[in-house]
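work_29.txt, holding compact mmCIF, C-alpha atoms and all ligand atoms:
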```txt
# COMPACT_ATOMS: atom_id res chain seq x y z
CA MET A 1 95.26 -89.56 -113.76
CA ALA A 2 95.49 -88.07 -110.26
CA GLY A 3 97.65 -90.03 -107.83
CA GLU A 4 96.62 -90.89 -104.30
CA LEU A 5 99.34 -88.59 -102.91
CA ASP A 6 99.43 -85.83 -105.53
CA GLY A 7 101.65 -82.96 -104.37
CA ARG A 8 102.05 -84.28 -100.82
CA VAL A 9 105.48 -84.57 -99.21
CA ALA A 10 106.50 -88.03 -97.98
CA VAL A 11 109.66 -89.03 -96.12
CA VAL A 12 110.89 -92.63 -96.08
CA THR A 13 113.82 -93.68 -93.89
CA GLY A 14 115.85 -96.65 -95.04
CA GLY A 15 114.46 -96.00 -98.51
CA ARG A 16 117.66 -96.91 -100.33
CA ARG A 17 116.66 -100.55 -100.55
CA GLY A 18 114.27 -103.23 -99.37
CA ILE A 19 110.83 -102.41 -98.00
CA GLY A 20 111.58 -98.68 -97.74
CA ARG A 21 112.67 -98.52 -101.38
CA GLY A 22 109.45 -100.17 -102.55
CA ILE A 23 107.37 -97.75 -100.49
CA ALA A 24 109.34 -94.67 -101.65
CA GLU A 25 108.96 -95.57 -105.33
CA ARG A 26 105.24 -96.27 -104.97
CA PHE A 27 104.60 -92.99 -103.14
CA ARG A 28 106.50 -91.18 -105.91
CA ASP A 29 104.38 -92.95 -108.51
CA GLU A 30 101.28 -91.79 -106.63
CA GLY A 31 102.36 -88.17 -107.10
CA ALA A 32 104.16 -87.53 -103.79
CA LYS A 33 107.31 -85.42 -103.46
CA VAL A 34 109.46 -88.06 -101.77
CA ALA A 35 112.60 -87.72 -99.65
CA VAL A 36 114.60 -90.79 -98.71
CA LEU A 37 116.88 -90.79 -95.66
CA ASP A 38 119.55 -93.45 -95.54
CA ARG A 39 123.11 -93.84 -94.39
CA GLU A 40 124.27 -93.71 -97.99
CA VAL A 41 122.86 -91.66 -100.85
CA GLU A 42 121.38 -93.74 -103.63
CA PRO A 43 120.12 -91.85 -106.68
CA ILE A 44 116.45 -92.77 -107.19
CA ASP A 45 114.54 -91.21 -110.09
CA GLY A 46 112.34 -88.33 -108.96
CA VAL A 47 113.29 -88.71 -105.29
CA LEU A 48 115.33 -86.44 -103.00
CA SER A 49 117.99 -88.70 -101.47
CA ILE A 50 119.59 -87.47 -98.25
CA ALA A 51 122.48 -89.12 -96.42
CA ALA A 52 121.60 -89.26 -92.73
CA ASP A 53 122.21 -91.71 -89.92
CA ILE A 54 118.90 -91.81 -88.07
CA THR A 55 120.67 -92.47 -84.76
CA ASP A 56 122.35 -89.06 -84.96
CA GLU A 57 120.00 -86.31 -83.77
CA THR A 58 121.99 -83.56 -85.49
CA GLN A 59 121.82 -85.34 -88.83
CA VAL A 60 118.09 -86.02 -88.43
CA LEU A 61 117.37 -82.36 -87.64
CA ALA A 62 119.44 -81.23 -90.64
CA ALA A 63 117.65 -83.72 -92.93
CA PHE A 64 114.19 -82.54 -91.89
CA ALA A 65 115.26 -78.90 -92.26
CA GLN A 66 116.45 -79.67 -95.81
CA ILE A 67 113.18 -81.45 -96.60
CA GLY A 68 111.19 -78.47 -95.31
CA GLU A 69 113.18 -76.07 -97.47
CA GLU A 70 113.32 -78.16 -100.65
CA LEU A 71 109.99 -80.03 -100.65
CA GLY A 72 107.73 -78.45 -98.00
CA THR A 73 105.92 -79.71 -94.89
CA PRO A 74 105.79 -83.52 -94.69
CA TRP A 75 102.39 -85.13 -94.96
CA ALA A 76 103.74 -88.64 -94.39
CA LEU A 77 106.70 -90.32 -92.72
CA VAL A 78 107.50 -94.01 -93.04
CA ASN A 79 110.16 -95.23 -90.62
CA SER A 80 111.60 -98.24 -92.42
CA ALA A 81 115.33 -97.94 -91.59
CA GLY A 82 116.35 -100.80 -89.38
CA ILE A 83 118.91 -103.47 -88.65
CA GLY A 84 118.45 -107.07 -87.60
CA PRO A 85 121.59 -109.20 -87.16
CA ALA A 86 120.87 -112.35 -85.15
CA VAL A 87 122.95 -113.06 -82.03
CA PRO A 88 122.45 -116.02 -79.66
CA PHE A 89 121.16 -114.62 -76.38
CA LEU A 90 123.99 -115.97 -74.23
CA GLU A 91 126.48 -114.20 -76.52
CA LEU A 92 124.55 -110.96 -76.80
CA GLY A 93 126.80 -108.08 -75.76
CA VAL A 94 125.79 -104.67 -74.54
CA ASP A 95 127.15 -102.98 -77.67
CA ALA A 96 125.02 -105.10 -80.03
CA TRP A 97 121.99 -104.56 -77.77
CA ARG A 98 122.50 -100.79 -77.72
CA GLU A 99 123.09 -100.54 -81.47
CA MET A 100 119.85 -102.41 -82.18
CA LEU A 101 117.86 -100.17 -79.85
CA ALA A 102 119.60 -97.06 -81.21
CA VAL A 103 118.66 -97.73 -84.84
CA ASN A 104 115.30 -99.46 -84.59
CA LEU A 105 113.78 -97.59 -81.65
CA GLU A 106 115.67 -94.35 -81.01
CA GLY A 107 116.03 -93.59 -84.73
CA THR A 108 112.31 -94.15 -85.18
CA PHE A 109 111.62 -91.81 -82.26
CA LEU A 110 113.91 -89.06 -83.60
CA CYS A 111 112.44 -89.10 -87.11
CA ALA A 112 108.85 -89.34 -85.86
CA ARG A 113 109.40 -86.40 -83.51
CA GLU A 114 110.88 -84.18 -86.24
CA ALA A 115 108.14 -85.11 -88.71
CA ALA A 116 105.45 -84.52 -86.09
CA ARG A 117 106.91 -81.13 -85.15
CA ALA A 118 106.73 -80.06 -88.79
CA MET A 119 103.23 -81.50 -89.26
CA VAL A 120 101.89 -79.78 -86.15
CA ALA A 121 103.47 -76.48 -87.19
CA GLY A 122 101.97 -76.89 -90.67
CA GLY A 123 98.51 -77.43 -89.18
CA ALA A 124 97.32 -79.80 -91.92
CA GLY A 125 97.71 -83.13 -90.06
CA GLY A 126 99.67 -86.05 -91.41
CA ARG A 127 100.47 -89.73 -91.26
CA ILE A 128 103.29 -91.65 -89.58
CA VAL A 129 103.92 -95.34 -90.33
CA ASN A 130 106.53 -97.25 -88.33
CA ILE A 131 107.77 -100.60 -89.60
CA GLY A 132 107.64 -102.95 -86.63
CA SER A 133 107.85 -106.73 -86.93
CA GLN A 134 106.03 -109.95 -86.14
CA ILE A 135 109.16 -110.74 -84.09
CA GLY A 136 108.08 -107.87 -81.84
CA LEU A 137 104.75 -109.66 -81.35
CA LYS A 138 105.82 -113.30 -80.94
CA GLY A 139 109.58 -113.22 -80.30
CA GLY A 140 112.26 -115.03 -82.28
CA VAL A 141 115.29 -117.21 -81.59
CA GLU A 142 118.58 -115.22 -81.47
CA LEU A 143 116.57 -112.03 -81.80
CA ALA A 144 116.06 -110.86 -78.19
CA HIS A 145 117.49 -107.42 -78.97
CA TYR A 146 115.50 -107.14 -82.22
CA ALA A 147 112.27 -108.30 -80.56
CA ALA A 148 112.74 -105.76 -77.77
CA SER A 149 113.32 -102.96 -80.28
CA LYS A 150 110.28 -103.84 -82.38
CA ALA A 151 107.95 -104.37 -79.40
CA GLY A 152 109.17 -100.92 -78.38
CA VAL A 153 108.23 -99.56 -81.80
CA HIS A 154 104.71 -100.96 -81.41
CA GLY A 155 104.25 -99.38 -77.96
CA PHE A 156 105.77 -96.10 -79.14
CA THR A 157 103.35 -96.11 -82.09
CA ARG A 158 100.29 -96.46 -79.86
CA ALA A 159 101.50 -93.80 -77.42
CA ILE A 160 102.11 -91.10 -80.02
CA ALA A 161 98.96 -92.11 -81.92
CA ARG A 162 97.01 -91.02 -78.83
CA GLU A 163 99.05 -87.87 -78.30
CA LEU A 164 99.03 -86.69 -81.92
CA ALA A 165 95.39 -87.55 -82.74
CA PRO A 166 94.11 -84.10 -81.74
CA SER A 167 96.53 -82.63 -84.31
CA GLY A 168 95.07 -84.77 -87.10
CA ILE A 169 98.17 -86.96 -87.28
CA ASN A 170 97.45 -90.68 -87.55
CA VAL A 171 100.20 -93.06 -86.43
CA ASN A 172 100.30 -96.77 -87.19
CA ALA A 173 102.77 -99.63 -87.43
CA ILE A 174 103.14 -102.42 -89.93
CA ALA A 175 104.42 -105.67 -88.43
CA PRO A 176 105.66 -107.72 -91.40
CA GLY A 177 106.53 -111.36 -91.36
CA PRO A 178 109.73 -112.45 -93.12
CA ILE A 179 110.07 -110.42 -96.33
CA ASP A 180 112.56 -111.29 -99.06
CA THR A 181 115.11 -108.47 -98.67
CA GLU A 182 118.83 -108.22 -97.96
CA MET A 183 118.06 -108.04 -94.25
CA LEU A 184 116.22 -111.37 -94.24
CA MET A 185 118.78 -113.04 -96.48
CA GLY A 186 121.43 -112.06 -93.92
CA MET A 187 119.90 -114.49 -91.42
CA PRO A 188 121.55 -117.90 -90.88
CA ASP A 189 120.44 -120.63 -93.33
CA ASP A 190 119.06 -122.90 -90.62
CA TRP A 191 117.08 -119.99 -89.17
CA LEU A 192 115.58 -119.26 -92.61
CA ALA A 193 114.65 -122.91 -93.18
CA ALA A 194 112.98 -123.19 -89.76
CA LYS A 195 111.13 -119.92 -90.29
CA GLN A 196 109.82 -120.87 -93.70
CA ALA A 197 108.61 -124.23 -92.38
CA GLU A 198 106.46 -122.61 -89.69
CA LEU A 199 104.71 -120.13 -92.02
CA PRO A 200 101.09 -121.08 -92.85
CA LEU A 201 101.48 -119.55 -96.32
CA GLY A 202 104.69 -121.57 -96.75
CA ARG A 203 106.82 -118.80 -98.24
CA PHE A 204 108.48 -115.51 -97.43
CA GLY A 205 106.64 -112.33 -98.34
CA ARG A 206 107.62 -109.82 -101.03
CA VAL A 207 108.17 -106.08 -100.75
CA GLU A 208 105.26 -105.43 -103.13
CA GLU A 209 102.99 -107.23 -100.65
CA ILE A 210 103.81 -104.66 -97.93
CA VAL A 211 103.66 -101.51 -100.07
CA PRO A 212 99.83 -101.35 -100.53
CA THR A 213 99.26 -101.30 -96.77
CA ALA A 214 101.76 -98.46 -96.36
CA LEU A 215 99.91 -96.57 -99.09
CA LEU A 216 96.55 -97.20 -97.39
CA LEU A 217 97.86 -95.92 -94.06
CA VAL A 218 99.14 -92.63 -95.53
CA SER A 219 96.14 -92.18 -97.81
CA PRO A 220 94.24 -88.95 -97.02
CA VAL A 221 90.88 -90.77 -97.10
CA GLY A 222 91.68 -94.48 -96.75
CA GLY A 223 93.89 -93.92 -93.72
CA ALA A 224 91.75 -91.27 -92.05
CA TYR A 225 90.04 -93.57 -89.52
CA ILE A 226 93.00 -95.82 -88.72
CA THR A 227 95.33 -94.86 -85.89
CA GLY A 228 97.23 -96.77 -83.21
CA ALA A 229 97.00 -99.99 -85.24
CA VAL A 230 99.78 -102.56 -85.59
CA MET A 231 98.99 -104.16 -88.94
CA ASN A 232 99.84 -107.85 -89.02
CA LEU A 233 101.21 -108.73 -92.49
CA SER A 234 102.91 -111.96 -91.55
CA GLY A 235 101.69 -114.65 -93.93
CA GLY A 236 99.80 -116.15 -91.00
CA ASP A 237 102.89 -116.33 -88.79
CA VAL A 238 100.99 -114.43 -86.14
CA MET A 239 97.27 -115.09 -85.69
CA ALA A 240 95.79 -113.15 -82.81
CA ASP A 241 93.05 -110.67 -82.04
P1 LIG B 1 117.14 -103.67 -95.54
O1 LIG B 1 118.33 -104.06 -94.75
O2 LIG B 1 116.94 -104.22 -96.90
O3 LIG B 1 117.06 -102.07 -95.64
C1 LIG B 1 117.21 -101.29 -94.50
C2 LIG B 1 117.70 -99.93 -94.89
O4 LIG B 1 117.82 -99.15 -93.69
C3 LIG B 1 119.10 -100.00 -95.52
O5 LIG B 1 119.16 -99.16 -96.67
C4 LIG B 1 119.99 -99.49 -94.40
O6 LIG B 1 121.16 -98.85 -94.84
C5 LIG B 1 119.07 -98.49 -93.71
N1 LIG B 1 119.59 -98.16 -92.39
C6 LIG B 1 120.02 -99.00 -91.44
N2 LIG B 1 120.47 -98.33 -90.38
C7 LIG B 1 120.31 -97.01 -90.66
C8 LIG B 1 120.62 -95.81 -89.97
N3 LIG B 1 121.19 -95.83 -88.76
N4 LIG B 1 120.33 -94.64 -90.56
C9 LIG B 1 119.79 -94.60 -91.79
N5 LIG B 1 119.48 -95.70 -92.50
C10 LIG B 1 119.76 -96.90 -91.95
O7 LIG B 1 115.90 -104.03 -94.59
P2 LIG B 1 114.36 -104.32 -94.93
O8 LIG B 1 113.90 -103.48 -96.04
O9 LIG B 1 114.18 -105.77 -94.95
O10 LIG B 1 113.70 -103.80 -93.57
C11 LIG B 1 113.01 -102.56 -93.49
C12 LIG B 1 112.32 -102.51 -92.15
O11 LIG B 1 111.40 -103.59 -92.06
C13 LIG B 1 113.28 -102.65 -90.97
O12 LIG B 1 112.85 -101.79 -89.93
C14 LIG B 1 113.10 -104.09 -90.56
O13 LIG B 1 113.41 -104.31 -89.20
C15 LIG B 1 111.63 -104.31 -90.87
N6 LIG B 1 111.26 -105.69 -91.08
C16 LIG B 1 111.86 -106.44 -92.06
C17 LIG B 1 111.49 -107.75 -92.22
C18 LIG B 1 112.10 -108.62 -93.26
O14 LIG B 1 111.91 -109.84 -93.19
N7 LIG B 1 112.81 -108.08 -94.24
C19 LIG B 1 110.47 -108.39 -91.37
C20 LIG B 1 109.90 -107.50 -90.41
C21 LIG B 1 110.29 -106.21 -90.26
P3 LIG B 1 122.61 -99.57 -94.70
O15 LIG B 1 122.75 -100.35 -95.96
O16 LIG B 1 123.57 -98.41 -94.59
O17 LIG B 1 122.58 -100.42 -93.47
```
Just dump the structure as structure tokens.
Ligand code: NDP
Amino acid sequence: MAGELDGRVAVVTGGRRGIGRGIAERFRDEGAKVAVLDREVEPIDGVLSIAADITDETQVLAAFAQIGEELGTPWALVNSAGIGPAVPFLELGVDAWREMLAVNLEGTFLCAREAARAMVAGGAGGRIVNIGSQIGLKGGVELAHYAASKAGVHGFTRAIARELAPSGINVNAIAPGPIDTEMLMGMPDDWLAAKQAELPLGRFGRVEEIVPTALLLVSPVGGAYITGAVMNLSGGDVMAD
């Protein structure tokens, strides 16, 4: 049976684990030629795994050059690599602030720019999906630096969605609520308990509940008329127009 992404090239940052891993495996199962960029190489069946720190421009350029040579022009990029350690605001140092912005925002920019350059040169359009966060929409205690980075991702998404639309490249963000991954489980216990208590659905989300939206957004037909959207997949944590 033909897959939704048969023969198309898809790049997933942070695809070694968590949300990115779920998306990479699903895209592969839908027939895509998938490359995963992560700080460490993790062998994943049928996937090209590349070690790259997305905050390092030289490494990002080299990774996209390798993808072009080995797989071809990317059709889709999902920017899922991110970090999220909580720090009380009064203790938040400049180094922690800069590291958060470097990974979550600057890394997203660098990978999106390289993917877009290749897509524009290829002339066949494409899809970019940035993983934002509901924290970027509503804020979060001890997460000032994270909220700033993710609100930045949402604004960045809308800006390049406008700029890349004439090239047939659709750009969207997914803003998940708390999803059961290593990142979430790294949060303090009292933070997790408070967060769970305020969720209308009463539980954390699962990776497999994010993956179908990522697939929709990169789908050649299903995603064709969606651009500049920040998709709210938060278990009701955020309810707004
Ligand atoms: P995980 O921590 O499980 O996975 C993140 C992956 O990104 C890891 O493999 C990590 O590698 C990689 N990564 C981190 N920094 C870099 C870097 N500089 N270069 C390359 N790879 C890097 O996180 P999740 O899957 O939970 O999160 C995925 C995305 O979803 C993130 O952007 C996150 O902010 C966002 N998100 C997550 C939510 C959640 O509740 N889980 C909620 C809302 C948004 P390493 O092991 O080396 O650090």
May I have the protein, DNA and RNA residues with an atom at most 6 Å from (100.5, -107.6, -85.0), counting only C-alpha atoms in the file's coordinates, returned as a list in words?
Leu137, Ala175, Val230, Met231 and Asn232 of chain A
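Checking A:Gly125, A:Pro166, A:Gly46, A:Pro85 one by one against ligand LIG 1 (chain B), counting only C-alpha atoms and all ligand atoms, you find the shortest gap at A:Pro85.
Taking all atoms listed in the file, the non-local environment of Glu57 in chain A within 10 Å (same-chain residues fewer than 2 positions away omitted) comprises Ala52, Asp53, Ile54, Thr55, Gln59, Val60, Leu61, Ala62, Ala63, Glu106, Gly107, Leu110, Cys111 and Glu114 of chain A.
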Shell of 7 Å around Asn170 in chain A, only C-alpha atoms, local chain residues under 2 positions omitted, as a PyMOL selection string:
chain A and resi 126-128+161+165+168+172+226-227
Find the residues around Gly202 in chain A up to 10 Å (all atoms listed in the file counted), leave out those fewer than 4 positions away in its own chain, and share them as a ChimeraX atom specification.
/A:195-198,235-237
At what distance in Å, to one decimal, does CA of Leu215 in chain A lie from CA of Gly72 in chain A?
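A separation of 19.8 Å between them.
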Work out how far CA of Gly152 in chain A is from atom O15 of ligand LIG 1 (chain B), in Å to one decimal.
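Going from atom O15 of ligand LIG 1 (chain B) over to CA of Gly152 in chain A covers 22.2 Å.
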Residue rebuild result range 141-152 of chain A, all heavy atoms as a PDB file, in the frame of the given file:
```
ATOM      1  N   VAL A 141     114.021-116.666 -82.088  1.00  0.00           N
ATOM      2  CA  VAL A 141     115.290-117.210 -81.590  1.00  0.00           C
ATOM      3  C   VAL A 141     116.459-116.354 -82.080  1.00  0.00           C
ATOM      4  O   VAL A 141     116.498-115.961 -83.256  1.00  0.00           O
ATOM      5  CB  VAL A 141     115.438-118.678 -82.050  1.00  0.00           C
ATOM      6  CG1 VAL A 141     116.823-119.223 -81.706  1.00  0.00           C
ATOM      7  CG2 VAL A 141     114.350-119.531 -81.413  1.00  0.00           C
ATOM      8  N   GLU A 142     117.381-116.042 -81.199  1.00  0.00           N
ATOM      9  CA  GLU A 142     118.580-115.220 -81.470  1.00  0.00           C
ATOM     10  C   GLU A 142     118.232-113.780 -81.800  1.00  0.00           C
ATOM     11  O   GLU A 142     119.025-113.043 -82.367  1.00  0.00           O
ATOM     12  CB  GLU A 142     119.450-115.839 -82.575  1.00  0.00           C
ATOM     13  CG  GLU A 142     119.900-117.253 -82.222  1.00  0.00           C
ATOM     14  CD  GLU A 142     120.883-117.862 -83.210  1.00  0.00           C
ATOM     15  OE1 GLU A 142     121.254-117.191 -84.187  1.00  0.00           O
ATOM     16  OE2 GLU A 142     121.275-119.019 -82.988  1.00  0.00           O
ATOM     17  N   LEU A 143     117.021-113.375 -81.449  1.00  0.00           N
ATOM     18  CA  LEU A 143     116.570-112.030 -81.800  1.00  0.00           C
ATOM     19  C   LEU A 143     116.016-111.272 -80.585  1.00  0.00           C
ATOM     20  O   LEU A 143     115.110-110.439 -80.728  1.00  0.00           O
ATOM     21  CB  LEU A 143     115.507-112.102 -82.903  1.00  0.00           C
ATOM     22  CG  LEU A 143     116.042-112.518 -84.287  1.00  0.00           C
ATOM     23  CD1 LEU A 143     114.896-112.741 -85.256  1.00  0.00           C
ATOM     24  CD2 LEU A 143     117.032-111.488 -84.839  1.00  0.00           C
ATOM     25  N   ALA A 144     116.574-111.531 -79.396  1.00  0.00           N
ATOM     26  CA  ALA A 144     116.060-110.860 -78.190  1.00  0.00           C
ATOM     27  C   ALA A 144     116.149-109.337 -78.331  1.00  0.00           C
ATOM     28  O   ALA A 144     115.196-108.606 -77.999  1.00  0.00           O
ATOM     29  CB  ALA A 144     116.861-111.307 -76.969  1.00  0.00           C
ATOM     30  N   HIS A 145     117.284-108.862 -78.833  1.00  0.00           N
ATOM     31  CA  HIS A 145     117.490-107.420 -78.970  1.00  0.00           C
ATOM     32  C   HIS A 145     116.570-106.829 -80.045  1.00  0.00           C
ATOM     33  O   HIS A 145     116.015-105.742 -79.895  1.00  0.00           O
ATOM     34  CB  HIS A 145     118.961-107.099 -79.251  1.00  0.00           C
ATOM     35  CG  HIS A 145     119.599-107.882 -80.364  1.00  0.00           C
ATOM     36  ND1 HIS A 145     119.143-109.118 -80.808  1.00  0.00           N
ATOM     37  CD2 HIS A 145     120.680-107.609 -81.142  1.00  0.00           C
ATOM     38  CE1 HIS A 145     119.899-109.549 -81.792  1.00  0.00           C
ATOM     39  NE2 HIS A 145     120.839-108.654 -82.012  1.00  0.00           N
ATOM     40  N   TYR A 146     116.384-107.586 -81.136  1.00  0.00           N
ATOM     41  CA  TYR A 146     115.500-107.140 -82.220  1.00  0.00           C
ATOM     42  C   TYR A 146     114.044-107.136 -81.744  1.00  0.00           C
ATOM     43  O   TYR A 146     113.302-106.166 -81.977  1.00  0.00           O
ATOM     44  CB  TYR A 146     115.679-108.076 -83.414  1.00  0.00           C
ATOM     45  CG  TYR A 146     114.906-107.680 -84.651  1.00  0.00           C
ATOM     46  CD1 TYR A 146     115.349-106.658 -85.480  1.00  0.00           C
ATOM     47  CD2 TYR A 146     113.732-108.353 -85.010  1.00  0.00           C
ATOM     48  CE1 TYR A 146     114.645-106.307 -86.632  1.00  0.00           C
ATOM     49  CE2 TYR A 146     113.030-108.016 -86.152  1.00  0.00           C
ATOM     50  CZ  TYR A 146     113.480-106.994 -86.959  1.00  0.00           C
ATOM     51  OH  TYR A 146     112.783-106.651 -88.089  1.00  0.00           O
ATOM     52  N   ALA A 147     113.645-108.212 -81.062  1.00  0.00           N
ATOM     53  CA  ALA A 147     112.270-108.300 -80.560  1.00  0.00           C
ATOM     54  C   ALA A 147     111.974-107.158 -79.604  1.00  0.00           C
ATOM     55  O   ALA A 147     110.898-106.537 -79.662  1.00  0.00           O
ATOM     56  CB  ALA A 147     112.040-109.650 -79.871  1.00  0.00           C
ATOM     57  N   ALA A 148     112.934-106.861 -78.736  1.00  0.00           N
ATOM     58  CA  ALA A 148     112.740-105.760 -77.770  1.00  0.00           C
ATOM     59  C   ALA A 148     112.577-104.435 -78.514  1.00  0.00           C
ATOM     60  O   ALA A 148     111.707-103.621 -78.179  1.00  0.00           O
ATOM     61  CB  ALA A 148     113.916-105.700 -76.805  1.00  0.00           C
ATOM     62  N   SER A 149     113.405-104.227 -79.540  1.00  0.00           N
ATOM     63  CA  SER A 149     113.320-102.960 -80.280  1.00  0.00           C
ATOM     64  C   SER A 149     111.979-102.833 -81.000  1.00  0.00           C
ATOM     65  O   SER A 149     111.376-101.764 -81.035  1.00  0.00           O
ATOM     66  CB  SER A 149     114.484-102.824 -81.265  1.00  0.00           C
ATOM     67  OG  SER A 149     114.333-103.670 -82.396  1.00  0.00           O
ATOM     68  N   LYS A 150     111.512-103.923 -81.587  1.00  0.00           N
ATOM     69  CA  LYS A 150     110.280-103.840 -82.380  1.00  0.00           C
ATOM     70  C   LYS A 150     109.031-103.802 -81.497  1.00  0.00           C
ATOM     71  O   LYS A 150     108.056-103.113 -81.829  1.00  0.00           O
ATOM     72  CB  LYS A 150     110.212-105.010 -83.365  1.00  0.00           C
ATOM     73  CG  LYS A 150     111.267-104.906 -84.475  1.00  0.00           C
ATOM     74  CD  LYS A 150     111.109-103.634 -85.300  1.00  0.00           C
ATOM     75  CE  LYS A 150     112.063-103.597 -86.479  1.00  0.00           C
ATOM     76  NZ  LYS A 150     111.874-102.421 -87.340  1.00  0.00           N
ATOM     77  N   ALA A 151     109.049-104.520 -80.354  1.00  0.00           N
ATOM     78  CA  ALA A 151     107.950-104.370 -79.400  1.00  0.00           C
ATOM     79  C   ALA A 151     107.913-102.922 -78.915  1.00  0.00           C
ATOM     80  O   ALA A 151     106.843-102.343 -78.719  1.00  0.00           O
ATOM     81  CB  ALA A 151     108.117-105.337 -78.226  1.00  0.00           C
ATOM     82  N   GLY A 152     109.096-102.337 -78.751  1.00  0.00           N
ATOM     83  CA  GLY A 152     109.170-100.920 -78.380  1.00  0.00           C
ATOM     84  C   GLY A 152     108.547-100.033 -79.441  1.00  0.00           C
ATOM     85  O   GLY A 152     107.826 -99.079 -79.127  1.00  0.00           O
TER      86      GLY A 152
END
```
